[in-house]
$ cat my_file.txt   # compact mmCIF, C-alpha atoms
# COMPACT_ATOMS: atom_id res chain seq x y z
CA MET A 115 -18.88 32.53 -9.84
CA LYS A 116 -18.25 31.81 -13.53
CA PRO A 117 -15.93 34.77 -14.22
CA GLN A 118 -13.78 33.79 -11.22
CA SER A 119 -13.55 30.19 -12.49
CA THR A 120 -12.66 31.33 -16.05
CA HIS A 121 -9.85 33.53 -14.75
CA LEU A 122 -8.38 30.52 -12.96
CA HIS A 123 -8.39 28.44 -16.14
CA LEU A 124 -6.77 31.24 -18.16
CA THR A 125 -3.97 31.41 -15.62
CA ILE A 126 -3.34 27.69 -15.88
CA VAL A 127 -3.25 27.65 -19.67
CA PHE A 128 -0.83 30.54 -19.96
CA SER A 129 1.41 29.36 -17.12
CA VAL A 130 1.90 26.09 -18.97
CA ALA A 131 2.68 27.94 -22.18
CA SER A 132 5.07 30.41 -20.56
CA ARG A 133 6.98 27.69 -18.73
CA SER A 134 7.56 25.84 -21.97
CA ARG A 135 8.96 28.93 -23.74
CA ASN A 136 7.53 27.41 -26.86
CA LEU A 137 5.56 29.65 -29.26
CA ARG A 138 3.88 26.64 -30.82
CA LEU A 139 2.48 25.57 -27.45
CA LEU A 140 1.40 29.16 -26.80
CA SER A 141 -0.60 29.18 -30.02
CA MET A 142 -2.12 25.83 -29.03
CA ALA A 143 -3.07 27.31 -25.65
CA THR A 144 -4.77 30.20 -27.44
CA LEU A 145 -6.82 27.74 -29.50
CA VAL A 146 -7.98 26.09 -26.28
CA LEU A 147 -9.49 29.33 -24.94
CA PRO A 148 -12.90 28.88 -26.61
CA HIS A 149 -13.18 25.46 -24.94
CA LEU A 150 -12.50 26.36 -21.33
CA GLY A 151 -15.35 24.10 -20.24
CA HIS A 152 -13.01 21.10 -20.54
CA PHE A 153 -10.55 22.57 -18.04
CA ASN A 154 -13.45 23.75 -15.87
CA SER A 155 -14.63 20.14 -15.55
CA LEU A 156 -11.21 19.02 -14.40
CA LEU A 157 -11.00 21.60 -11.61
CA SER A 158 -14.56 21.07 -10.40
CA GLU A 159 -16.21 17.94 -9.09
CA ASP A 160 -16.38 16.52 -12.64
CA MET A 161 -13.18 14.72 -13.62
CA THR A 162 -14.58 12.62 -16.42
CA MET A 163 -11.87 13.74 -18.87
CA LEU A 164 -9.06 12.65 -16.56
CA THR A 165 -7.13 9.38 -16.86
CA LEU A 166 -5.00 8.23 -13.95
CA VAL A 167 -2.30 5.79 -15.08
CA PHE A 168 -0.66 3.68 -12.37
CA VAL A 169 2.55 1.89 -13.30
CA LYS A 170 3.49 -0.90 -10.90
CA SER A 171 5.44 -4.14 -10.75
CA ILE A 172 2.64 -6.70 -10.35
CA PRO A 173 -1.17 -6.70 -10.67
CA VAL A 174 -3.75 -7.39 -7.98
CA ASN A 175 -4.49 -10.88 -9.35
CA SER A 176 -0.87 -12.02 -9.08
CA CYS A 177 0.03 -14.75 -6.56
CA SER A 178 2.66 -12.34 -5.21
CA ALA A 179 0.17 -9.51 -4.67
CA GLY A 180 0.14 -7.85 -1.26
CA GLY A 181 -1.17 -4.74 0.42
CA ALA A 182 0.29 -2.41 -2.24
CA GLU A 183 -1.73 -4.13 -4.97
CA VAL A 184 -4.91 -4.08 -2.88
CA TYR A 185 -4.40 -0.36 -2.18
CA VAL A 186 -4.10 0.62 -5.85
CA HIS A 187 -7.04 -1.57 -6.88
CA GLU A 188 -9.42 -0.37 -4.15
CA VAL A 189 -8.51 3.29 -4.63
CA GLY A 190 -8.87 2.88 -8.39
CA ARG A 191 -12.30 1.29 -7.95
CA GLU A 192 -13.49 4.14 -5.73
CA LEU A 193 -12.13 6.86 -8.04
CA THR A 194 -13.88 5.21 -10.99
CA GLU A 195 -17.21 4.69 -9.24
CA ARG A 196 -17.46 7.94 -7.29
CA TYR A 197 -15.67 10.49 -9.46
CA CYS A 198 -15.79 8.90 -12.94
CA ILE A 199 -12.01 9.11 -13.24
CA ASP A 200 -10.64 6.66 -15.79
CA VAL A 201 -8.08 4.47 -13.97
CA ILE A 202 -5.56 2.32 -15.85
CA VAL A 203 -3.02 0.04 -14.15
CA VAL A 204 0.01 -0.91 -16.25
CA SER A 205 2.13 -3.76 -14.91
CA SER A 206 3.90 -7.02 -15.63
CA SER A 207 1.86 -10.20 -16.01
CA GLU A 208 3.71 -11.98 -13.21
CA SER A 209 1.65 -15.12 -12.34
CA ALA A 210 -1.29 -13.57 -14.20
CA ARG A 211 -2.68 -13.54 -17.75
CA ALA A 212 -1.18 -10.97 -20.14
CA GLY A 213 -3.60 -8.71 -21.96
CA THR A 214 -6.06 -5.89 -21.32
CA TYR A 215 -9.10 -6.43 -19.13
CA THR A 216 -11.23 -4.72 -16.49
CA ILE A 217 -11.67 -5.70 -12.83
CA ASP A 218 -14.23 -3.74 -10.76
CA GLY A 219 -14.09 -0.88 -13.26
CA VAL A 220 -10.28 -0.61 -13.13
CA LYS A 221 -8.57 -1.24 -16.47
CA TYR A 222 -5.48 -3.46 -16.33
CA VAL A 223 -2.86 -3.49 -19.08
CA LEU A 224 -0.59 -6.44 -18.33
CA SER A 225 2.43 -6.70 -20.57
CA ARG A 226 3.83 -9.93 -21.97
CA ALA A 227 6.73 -9.51 -19.56
CA SER A 228 6.06 -12.25 -17.04
CA SER A 229 8.70 -10.92 -14.64
CA ARG A 230 8.66 -7.61 -12.80
CA TYR A 231 12.33 -7.18 -13.71
CA THR A 232 11.90 -7.55 -17.47
CA PHE A 233 8.85 -5.29 -17.23
CA LEU A 234 11.07 -2.57 -15.81
CA LEU A 235 12.96 -2.55 -19.12
CA ILE A 236 9.93 -2.33 -21.42
CA ALA A 237 7.74 -0.09 -19.24
CA PRO A 238 9.05 3.16 -20.87
CA TYR A 239 7.94 1.99 -24.33
CA ILE A 240 4.48 0.90 -23.07
CA LEU A 241 3.90 4.10 -21.08
CA ARG A 242 5.01 6.48 -23.83
CA LYS A 243 2.71 4.76 -26.30
CA LEU A 244 -0.26 4.73 -23.90
CA VAL A 245 0.16 8.36 -22.78
CA ARG A 246 0.49 9.54 -26.38
CA LYS A 247 -2.71 7.72 -27.30
CA LEU A 248 -4.64 9.20 -24.36
CA LEU A 249 -3.44 12.74 -25.11
CA ASP A 250 -4.41 12.35 -28.77
CA GLU A 251 -7.91 11.43 -27.58
CA GLY A 252 -8.08 14.77 -25.77
CA ARG A 253 -7.80 13.36 -22.25
CA GLU A 254 -5.90 14.84 -19.33
CA VAL A 255 -3.36 12.34 -17.99
CA ILE A 256 -1.59 11.97 -14.65
CA VAL A 257 0.92 9.14 -14.22
CA VAL A 258 1.37 7.55 -10.78
CA ASP A 259 4.77 5.86 -10.50
CA GLU A 260 4.51 3.26 -7.74
CA TYR A 261 7.69 2.64 -5.77
CA THR A 262 8.06 -0.67 -3.99
CA THR A 263 11.60 -1.91 -4.55
CA TYR A 264 12.53 0.35 -7.45
CA PRO A 265 10.95 3.32 -9.28
CA PHE A 266 10.18 3.26 -13.00
CA MET A 267 12.09 6.54 -13.60
CA THR A 268 9.11 8.07 -15.38
CA THR A 269 10.46 11.58 -14.79
CA LYS A 270 13.20 10.76 -17.31
CA TYR A 271 10.98 9.97 -20.30
CA LEU A 272 7.47 11.38 -19.64
CA LYS A 273 7.92 15.14 -19.91
CA ASN A 274 4.46 16.22 -21.06
CA VAL A 275 2.27 14.92 -18.20
CA PRO A 276 2.22 15.40 -14.41
CA ILE A 277 3.81 12.57 -12.43
CA MET A 278 3.12 11.50 -8.86
CA LEU A 279 5.21 9.05 -6.84
CA LEU A 280 3.32 6.52 -4.72
CA VAL A 281 5.43 5.12 -1.87
CA HIS A 282 3.91 2.43 0.35
CA GLN A 283 7.14 1.88 2.25
CA LEU A 284 10.84 2.55 1.84
CA SER A 285 13.28 -0.31 1.34
CA TYR A 286 16.38 0.72 3.28
CA ALA A 287 15.47 -1.18 6.47
CA VAL A 288 14.51 -4.29 4.50
CA VAL A 289 17.72 -4.19 2.42
CA SER A 290 19.81 -3.64 5.54
CA TYR A 291 18.16 -6.61 7.28
CA GLN A 292 18.20 -9.07 4.38
CA TYR A 293 21.68 -8.28 3.05
CA LYS A 294 23.38 -7.48 6.38
CA LEU A 295 24.30 -3.96 5.30
CA PRO A 296 24.71 -0.95 7.60
CA VAL A 297 21.47 1.03 7.66
CA GLU A 298 23.33 4.21 6.63
CA ILE A 299 24.54 2.61 3.39
CA ALA A 300 21.08 1.26 2.52
CA TRP A 301 19.54 4.68 3.30
CA SER A 302 22.06 6.56 1.12
CA GLY A 303 21.53 4.18 -1.80
CA GLU A 304 17.76 4.58 -1.67
CA ALA A 305 18.04 8.36 -1.37
CA ILE A 306 20.12 8.44 -4.57
CA LEU A 307 17.64 6.17 -6.34
CA LEU A 308 14.72 8.48 -5.49
CA ARG A 309 16.51 11.77 -6.17
CA PRO A 310 14.86 12.32 -9.61
CA TYR A 311 11.47 12.50 -7.86
CA LEU A 312 12.24 15.09 -5.19
CA SER A 313 10.26 17.82 -6.96
CA THR A 314 7.20 15.65 -7.64
CA THR A 315 4.15 15.19 -5.44
CA CYS A 316 4.71 12.10 -3.32
CA ILE A 317 1.84 10.11 -1.82
CA THR A 318 2.42 7.73 1.05
CA VAL A 319 0.24 5.80 3.48
CA SER A 320 1.49 6.70 6.97
CA PRO A 321 3.06 9.62 8.88
CA SER A 322 6.20 7.68 9.84
CA VAL A 323 6.98 6.84 6.20
CA ALA A 324 6.24 10.48 5.33
CA MET A 325 8.82 11.51 7.92
CA ASP A 326 11.44 9.32 6.23
CA LEU A 327 10.57 10.87 2.86
CA HIS A 328 10.95 14.39 4.26
CA ASP A 329 14.35 13.39 5.63
CA MET A 330 15.32 12.20 2.14
CA GLY A 331 14.53 15.64 0.72
CA PHE A 332 10.94 15.35 -0.51
CA LYS A 333 9.07 18.64 -0.07
CA ARG A 334 5.58 17.72 -1.34
CA VAL A 335 4.53 14.67 0.65
CA GLN A 336 0.85 13.84 1.07
CA ILE A 337 -0.64 11.07 3.24
CA ALA A 338 -3.59 8.92 2.15
CA GLU A 339 -4.08 6.06 4.61
CA PRO A 340 -5.61 2.84 3.28
CA GLY A 341 -9.14 1.69 3.98
CA THR A 342 -10.24 -1.43 5.80
CA PRO A 343 -9.92 -4.40 3.41
CA VAL A 344 -12.99 -6.22 4.78
CA GLU A 345 -16.36 -5.16 6.20
CA PRO A 346 -16.00 -4.65 9.99
CA LEU A 347 -18.22 -6.76 12.26
CA SER A 348 -20.92 -5.07 14.33
CA ASP A 349 -19.67 -6.65 17.60
CA VAL A 350 -16.70 -8.60 18.89
CA PRO A 351 -17.37 -12.25 17.97
CA GLU A 352 -17.09 -15.29 20.20
CA LYS A 353 -13.46 -16.33 20.55
CA ALA A 354 -11.81 -19.75 20.61
CA ASP A 355 -11.92 -21.49 24.01
CA TYR A 356 -8.11 -21.65 24.02
CA PRO A 357 -5.50 -18.89 23.40
CA LEU A 358 -5.29 -18.63 19.60
CA ILE A 359 -2.67 -16.32 18.09
CA THR A 360 -2.65 -15.49 14.38
CA CYS A 361 -0.33 -13.75 11.98
CA VAL A 362 -1.52 -12.70 8.51
CA SER A 363 1.53 -11.98 6.40
CA ARG A 364 3.45 -12.65 3.23
CA TYR A 365 6.10 -15.33 3.48
CA VAL A 366 9.14 -13.11 2.92
CA PRO A 367 12.24 -12.77 5.14
CA TYR A 368 11.71 -9.17 6.25
CA LYS A 369 8.45 -10.17 7.96
CA ARG A 370 10.65 -12.06 10.50
CA LEU A 371 8.08 -14.83 10.99
CA GLU A 372 10.74 -16.99 12.64
CA HIS A 373 10.36 -14.65 15.64
CA ILE A 374 6.80 -15.94 16.05
CA VAL A 375 7.99 -19.55 15.86
CA TYR A 376 10.73 -18.99 18.47
CA ALA A 377 8.27 -17.10 20.69
CA ALA A 378 5.84 -20.02 20.42
CA TYR A 379 8.58 -22.34 21.66
CA ILE A 380 8.84 -20.24 24.84
CA VAL A 381 5.11 -19.59 25.34
CA LYS A 382 4.14 -23.28 25.17
CA LYS A 383 6.12 -23.92 28.36
CA TYR A 384 3.80 -21.59 30.28
CA VAL A 385 0.53 -21.90 28.33
CA PRO A 386 0.27 -25.49 27.03
CA LYS A 387 -3.10 -24.95 25.29
CA PHE A 388 -1.81 -22.00 23.30
CA ARG A 389 -1.83 -22.29 19.46
CA VAL A 390 -0.40 -20.21 16.58
CA VAL A 391 -1.69 -19.98 13.00
CA VAL A 392 0.30 -18.12 10.33
CA ILE A 393 -1.65 -17.31 7.15
CA GLY A 394 -0.07 -16.01 3.97
CA ARG A 395 1.46 -16.50 0.56
CA GLY A 396 4.72 -15.51 -1.04
CA SER A 397 8.14 -17.14 -1.11
CA CYS A 398 7.94 -20.95 -1.00
CA ARG A 399 11.65 -21.06 -0.12
CA TYR A 400 11.06 -18.98 3.00
CA LEU A 401 7.99 -21.05 3.88
CA VAL A 402 10.03 -24.25 3.69
CA LYS A 403 12.63 -22.66 5.98
CA LEU A 404 9.90 -21.92 8.54
CA MET A 405 8.45 -25.42 8.24
CA ASN A 406 11.88 -26.90 8.94
CA LEU A 407 12.23 -24.65 11.98
CA VAL A 408 8.85 -25.77 13.32
CA ARG A 409 9.94 -29.38 12.86
CA GLU A 410 13.31 -28.83 14.54
CA LEU A 411 11.67 -27.25 17.59
CA ASN A 412 9.01 -29.97 17.72
CA LEU A 413 6.21 -27.41 17.44
CA GLY A 414 3.99 -29.27 14.99
CA LYS A 415 1.21 -29.43 17.59
CA TYR A 416 1.42 -25.71 18.35
CA VAL A 417 2.22 -23.87 15.10
CA LYS A 418 0.40 -24.16 11.77
CA LEU A 419 1.74 -22.51 8.61
CA LEU A 420 -1.07 -22.08 6.08
CA TYR A 421 -0.49 -21.04 2.46
CA ASN A 422 -2.91 -19.28 0.08
CA VAL A 423 -5.96 -19.68 2.33
CA PRO A 424 -9.39 -18.64 0.94
CA LEU A 425 -10.66 -15.32 2.29
CA ARG A 426 -13.61 -16.87 4.13
CA GLN A 427 -11.38 -19.30 6.02
CA LYS A 428 -8.88 -16.55 6.86
CA LEU A 429 -11.62 -14.34 8.32
CA GLU A 430 -13.04 -17.23 10.35
CA ILE A 431 -9.62 -17.81 11.92
CA LEU A 432 -9.14 -14.09 12.63
CA ARG A 433 -12.55 -13.83 14.29
CA LYS A 434 -11.74 -16.70 16.65
CA SER A 435 -8.26 -15.37 17.46
CA TRP A 436 -7.37 -13.71 20.71
CA LEU A 437 -4.46 -11.76 19.29
CA HIS A 438 -2.88 -10.90 15.93
CA VAL A 439 0.93 -10.53 15.81
CA VAL A 440 3.17 -8.63 13.34
CA THR A 441 6.98 -8.81 13.49
CA SER A 442 8.08 -6.96 10.33
CA VAL A 443 11.27 -4.94 9.93
CA TYR A 444 9.38 -2.08 8.22
CA GLU A 445 5.84 -1.55 6.96
CA GLY A 446 3.87 1.05 5.07
CA PHE A 447 0.67 0.73 7.11
CA ASN A 448 -0.10 -3.03 7.05
CA LEU A 449 -3.59 -3.95 5.91
CA ALA A 450 -3.53 -7.10 8.04
CA VAL A 451 -3.71 -4.90 11.16
CA LEU A 452 -6.94 -3.39 9.83
CA GLU A 453 -8.23 -6.78 8.72
CA ALA A 454 -7.72 -8.22 12.20
CA ALA A 455 -9.35 -5.19 13.84
CA ALA A 456 -12.35 -5.54 11.53
CA CYS A 457 -12.68 -9.11 12.84
CA GLY A 458 -12.56 -7.92 16.45
CA THR A 459 -8.94 -8.95 17.08
CA PRO A 460 -6.28 -6.53 18.41
CA THR A 461 -2.70 -6.54 17.10
CA LEU A 462 0.59 -6.86 18.95
CA ALA A 463 3.43 -5.53 16.77
CA TYR A 464 7.01 -4.37 16.84
CA ALA A 465 7.28 -0.57 16.99
CA VAL A 466 8.67 0.04 13.50
CA ARG A 467 7.82 2.48 10.70
CA GLY A 468 4.24 2.09 9.52
CA LEU A 469 3.15 -0.15 12.38
CA ILE A 470 3.61 2.64 14.92
CA ASP A 471 0.91 4.49 12.96
CA SER A 472 -1.59 1.74 12.15
CA VAL A 473 -1.40 -0.10 15.49
CA THR A 474 -1.55 3.14 17.48
CA TYR A 475 -4.51 4.41 15.46
CA ILE A 476 -6.43 1.14 15.82
CA GLY A 477 -5.61 0.81 19.52
CA GLY A 478 -3.39 -2.27 19.52
CA TYR A 479 -0.18 -3.04 21.39
CA LEU A 480 3.36 -1.95 20.41
CA LEU A 481 6.55 -3.66 21.50
CA SER A 482 9.68 -1.48 21.48
CA ASP A 483 12.09 -4.41 21.95
CA GLN A 484 12.32 -6.32 18.67
CA ASN A 485 13.30 -9.78 19.84
CA TYR A 486 11.38 -13.01 20.23
CA GLU A 487 11.97 -13.32 23.99
CA LYS A 488 10.23 -10.00 24.66
CA LEU A 489 7.55 -11.02 22.16
CA ALA A 490 6.93 -14.27 24.04
CA SER A 491 6.73 -12.38 27.33
CA ALA A 492 4.19 -9.91 25.89
CA ILE A 493 2.06 -12.72 24.44
CA CYS A 494 2.01 -14.55 27.79
CA SER A 495 1.04 -11.38 29.62
CA LEU A 496 -1.80 -10.57 27.22
CA ILE A 497 -3.37 -14.02 26.95
CA ASN A 498 -3.38 -14.20 30.74
CA SER A 499 -5.56 -11.06 30.73
CA PRO A 500 -8.52 -12.05 28.51
CA ASP A 501 -10.77 -9.28 29.88
CA ASP A 502 -8.27 -6.63 28.80
CA LEU A 503 -7.98 -8.28 25.38
CA PHE A 504 -11.78 -8.17 24.97
CA LYS A 505 -11.94 -4.46 25.86
CA ARG A 506 -9.09 -3.76 23.44
CA ALA A 507 -10.89 -5.75 20.74
CA GLU A 508 -13.96 -3.52 21.17
CA LEU A 509 -11.78 -0.42 20.84
CA CYS A 510 -10.09 -1.73 17.67
CA LEU A 511 -13.40 -2.68 16.10
CA GLY A 512 -14.84 0.79 16.79
CA ARG A 513 -11.84 2.66 15.39
CA VAL A 514 -11.30 0.61 12.24
CA LYS A 515 -14.76 1.60 10.97
CA CYS A 516 -13.42 5.13 10.39
CA LEU A 517 -10.86 3.91 7.83
CA THR A 518 -12.65 3.46 4.52
CA TRP A 519 -11.54 3.33 0.88
CA GLU A 520 -14.00 6.16 0.19
CA ARG A 521 -11.95 8.33 2.57
CA THR A 522 -8.70 7.31 0.87
CA ALA A 523 -10.08 8.03 -2.61
CA GLU A 524 -11.36 11.44 -1.52
CA LYS A 525 -7.92 12.36 -0.21
CA LEU A 526 -6.34 11.26 -3.48
CA ARG A 527 -8.95 13.16 -5.49
CA ASN A 528 -8.08 16.35 -3.59
CA ILE A 529 -4.38 15.81 -4.26
CA ILE A 530 -5.14 15.39 -7.97
CA ARG A 531 -7.17 18.61 -8.01
CA ASN A 532 -4.25 20.52 -6.48
CA ILE A 533 -1.89 19.15 -9.12
CA LEU A 534 -4.25 20.25 -11.90
CA VAL A 535 -4.63 23.71 -10.38
CA GLU A 536 -0.85 24.09 -10.14
CA GLY A 537 -0.55 23.05 -13.78
$ encode --input "my_file.txt" --output "structure tokens"
Amino acid sequence: MKPQSTHLHLTIVFSVASRSRNLRLLSMATLVLPHLGHFNSLLSEDMTMLTLVFVKSIPVNSCSAGGAEVYVHEVGRELTERYCIDVIVVSSSESARAGTYTIDGVKYVLSRASSRYTFLLIAPYILRKLVRKLLDEGREVIVVDEYTTYPFMTTKYLKNVPIMLLVHQLSYAVVSYQYKLPVEIAWSGEAILLRPYLSTTCITVSPSVAMDLHDMGFKRVQIAEPGTPVEPLSDVPEKADYPLITCVSRYVPYKRLEHIVYAAYIVKKYVPKFRVVVIGRGSCRYLVKLMNLVRELNLGKYVKLLYNVPLRQKLEILRKSWLHVVTSVYEGFNLAVLEAAACGTPTLAYAVRGLIDSVTYIGGYLLSDQNYEKLASAICSLINSPDDLFKRAELCLGRVKCLTWERTAEKLRNIIRNILVEG
């Protein structure tokens, strides 16, 4: 077993040296030969000499944090606890305290840049300095460049370490919707933006987003679905004695929350006891727009818009809800779908990228027509069939238990091992 393992390590060392065409690196590789145990630990279950550096726009403790931030934090926590991989998250300090500190074993390096846009300018300096320090300490380093709205172009200035691209969702549909651009133009612009990463390993969270990435030219796309953000209940809980509909979301335009408000205006004519609660945080400007719409339609009795609700209160509302609704233009996977399922509440969502994966997997309902009239019709039909909703809630609760952060971290660990083997 040992000779076979040693041969593998020799191949890796010399392939790195030969690719570089650098005699100095070749001599360095030769010096490493007596210490093959270090490389052996990286390619086995032991990855204690590996540091995974995530670079992202905002940290998990930012007021603007969403599913992308939760994903990185939870995966980082699992990789640290289970596989002893050192995880560092480098980001702006947007609505958070600048400095270096640890949360659940994950190290956060938050720059003095309080805006994600200014952080984009200084990220190269911070990353080069950090990577150089880690390499000098004898650690193996892999950089994970997280793409939300823009990439950090790490392939341009980090030449001596492997780079992975983490894509939660693509932006072309959101840009097209918010700026009234043809989808083809938004798609082409994003494809050009991501072109420097086509040869890197790309990780995404759902098959439909992976399909888009393949269409853009990515050849090495891996899928690592997120875990359930809260502990699933053992049984479907007792529901409210009136039809209660919830939506857990960020208050941003591409979530199309006005569709839920307009749908509520229609549903109330047929189901007077029906109520809607929207829970989230995000853009105050968009929230004010929604509040004005609720006022204009005289829906104050029917629709509540809650901001920055404590987790316990949010879960209590989800557990009492009959149905959870999502109306986004595009999603990666949508953790709120899993959160609702863990509370015994099925989801009704528009059939768009990301949601067609998560809602189908969990066993919710998909709506192919993306307009509020069809949404209102579907809501009326479902809340008039409470027995079917209860059976669907049991299905969702059973399936969501299979999606864990341990599973996600194991998938990511296997991807990392393949990158190290390839050199």
$ closest_residue --input "my_file.txt" --among "A:Lys415, A:Leu401, A:Ile172, A:Leu279" --to "A:Pro386" --atoms "all atoms listed in the file"
A:Lys415
$ atom_distance --input "my_file.txt" --atom1 "atom CA of A:Val417" --atom2 "atom CA of A:Pro460"
19.6 Å
$ residues_around --input "my_file.txt" --residues "A:Val440" --least-positions-apart "4" --cutoff "12 Å" --atoms "only C-alpha atoms" --output "ChimeraX atom specification"
/A:359-364,368-374,392-393,444-445,447-452,454,460-466,468-470,472-473,478-481,484,486,489,493
$ residues_around --input "my_file.txt" --residues "A:Phe266" --least-positions-apart "6" --cutoff "8 Å" --atoms "all atoms listed in the file" --output "PyMOL selection string"
chain A and resi 169+234+237-238+259-260
$ write_last_selection --input "my_file.txt" --atoms "C-alpha atoms" --output "tab-separated table (two decimals), in the frame of the given file"
chain	number	residue	atom	x	y	z
A	169	VAL	CA	2.55	1.89	-13.30
A	234	LEU	CA	11.07	-2.57	-15.81
A	237	ALA	CA	7.74	-0.09	-19.24
A	238	PRO	CA	9.05	3.16	-20.87
A	259	ASP	CA	4.77	5.86	-10.50
A	260	GLU	CA	4.51	3.26	-7.74
$ closest_residue --input "my_file.txt" --among "A:Leu284, A:Leu358, A:Leu429, A:Cys177" --to "A:Ala300" --atoms "all atoms listed in the file"
A:Leu284
$ residues_around --input "my_file.txt" --residues "stretch 178-191 of chain A" --least-positions-apart "2" --cutoff "7 Å" --atoms "all atoms listed in the file" --output "VMD selection string"
chain A and resid 172 to 176 193 to 195 201 218 to 220 282 340 396 448 to 449 519 522 to 523
$ atom_distance --input "my_file.txt" --atom1 "atom CA of A:Leu166" --atom2 "atom CA of A:Ser225"
17.9 Å
$ atom_distance --input "my_file.txt" --atom1 "atom CA of A:Glu339" --atom2 "atom CA of A:Ala305"
23.0 Å
$ residues_near_point --input "my_file.txt" --point "(5.1, 9.9, -1.3)" --cutoff "8 Å" --atoms "all atoms listed in the file" --output "list in words"
Met278, Leu279, Leu280, Val281, His282, Thr315, Cys316, Ile317, Thr318, Val319, Ala324, Leu327, Arg334, Val335, Gln336 and Ile337 of chain A
$ write_last_selection --input "my_file.txt" --atoms "C-alpha atoms" --output "short mmCIF file (atom, residue, chain, number, x, y, z; two decimals), keeping the file's coordinate frame"
data_model
loop_
_atom_site.label_atom_id
_atom_site.label_comp_id
_atom_site.auth_asym_id
_atom_site.auth_seq_id
_atom_site.Cartn_x
_atom_site.Cartn_y
_atom_site.Cartn_z
CA MET A 278 3.12 11.50 -8.86
CA LEU A 279 5.21 9.05 -6.84
CA LEU A 280 3.32 6.52 -4.72
CA VAL A 281 5.43 5.12 -1.87
CA HIS A 282 3.91 2.43 0.35
CA THR A 315 4.15 15.19 -5.44
CA CYS A 316 4.71 12.10 -3.32
CA ILE A 317 1.84 10.11 -1.82
CA THR A 318 2.42 7.73 1.05
CA VAL A 319 0.24 5.80 3.48
CA ALA A 324 6.24 10.48 5.33
CA LEU A 327 10.57 10.87 2.86
CA ARG A 334 5.58 17.72 -1.34
CA VAL A 335 4.53 14.67 0.65
CA GLN A 336 0.85 13.84 1.07
CA ILE A 337 -0.64 11.07 3.24
#
$ closest_residue --input "my_file.txt" --among "A:Arg389, A:Arg211, A:Lys403, A:Lys382" --to "A:Asp355" --atoms "all atoms listed in the file"
A:Arg389
$ residues_near_point --input "my_file.txt" --point "(0.2, -13.8, -16.4)" --cutoff "9 Å" --atoms "all atoms listed in the file" --output "number ranges by chain"
A: 175-176, 206-213, 224-228
$ closest_residue --input "my_file.txt" --among "A:Ser499, A:Thr441, A:Lys515, A:Lys221" --to "A:Tyr475" --atoms "all atoms listed in the file"
A:Lys515
$ residues_around --input "my_file.txt" --residues "A:Lys434" --least-positions-apart "5" --cutoff "9 Å" --atoms "all atoms listed in the file" --output "PyMOL selection string"
chain A and resi 351-355+358+429+457-459
$ decode --input "my_file.txt" --residues "stretch 286-314 of chain A" --atoms "C-alpha atoms" --output "CSV table (one decimal), in the first residue's frame"
chain,number,residue,atom,x,y,z
A,286,TYR,CA,-28.0,37.2,-16.1
A,287,ALA,CA,-31.7,36.7,-15.3
A,288,VAL,CA,-31.5,39.1,-12.3
A,289,VAL,CA,-29.8,41.8,-14.4
A,290,SER,CA,-32.2,41.3,-17.3
A,291,TYR,CA,-35.2,41.7,-14.9
A,292,GLN,CA,-33.9,44.6,-12.8
A,293,TYR,CA,-32.4,46.7,-15.7
A,294,LYS,CA,-34.9,45.7,-18.4
A,295,LEU,CA,-32.2,44.3,-20.7
A,296,PRO,CA,-32.7,41.4,-23.2
A,297,VAL,CA,-31.7,38.1,-21.6
A,298,GLU,CA,-29.2,37.4,-24.4
A,299,ILE,CA,-27.3,40.6,-23.7
A,300,ALA,CA,-27.2,39.9,-19.9
A,301,TRP,CA,-26.1,36.3,-20.7
A,302,SER,CA,-23.3,37.4,-23.0
A,303,GLY,CA,-22.0,39.9,-20.6
A,304,GLU,CA,-21.8,37.4,-17.8
A,305,ALA,CA,-20.2,34.8,-20.0
A,306,ILE,CA,-17.4,37.3,-20.8
A,307,LEU,CA,-17.0,38.2,-17.2
A,308,LEU,CA,-16.5,34.5,-16.2
A,309,ARG,CA,-14.3,33.6,-19.2
A,310,PRO,CA,-11.0,33.7,-17.1
A,311,TYR,CA,-12.4,30.8,-15.0
A,312,LEU,CA,-13.4,28.3,-17.7
A,313,SER,CA,-10.4,26.0,-17.0
A,314,THR,CA,-10.9,26.0,-13.2
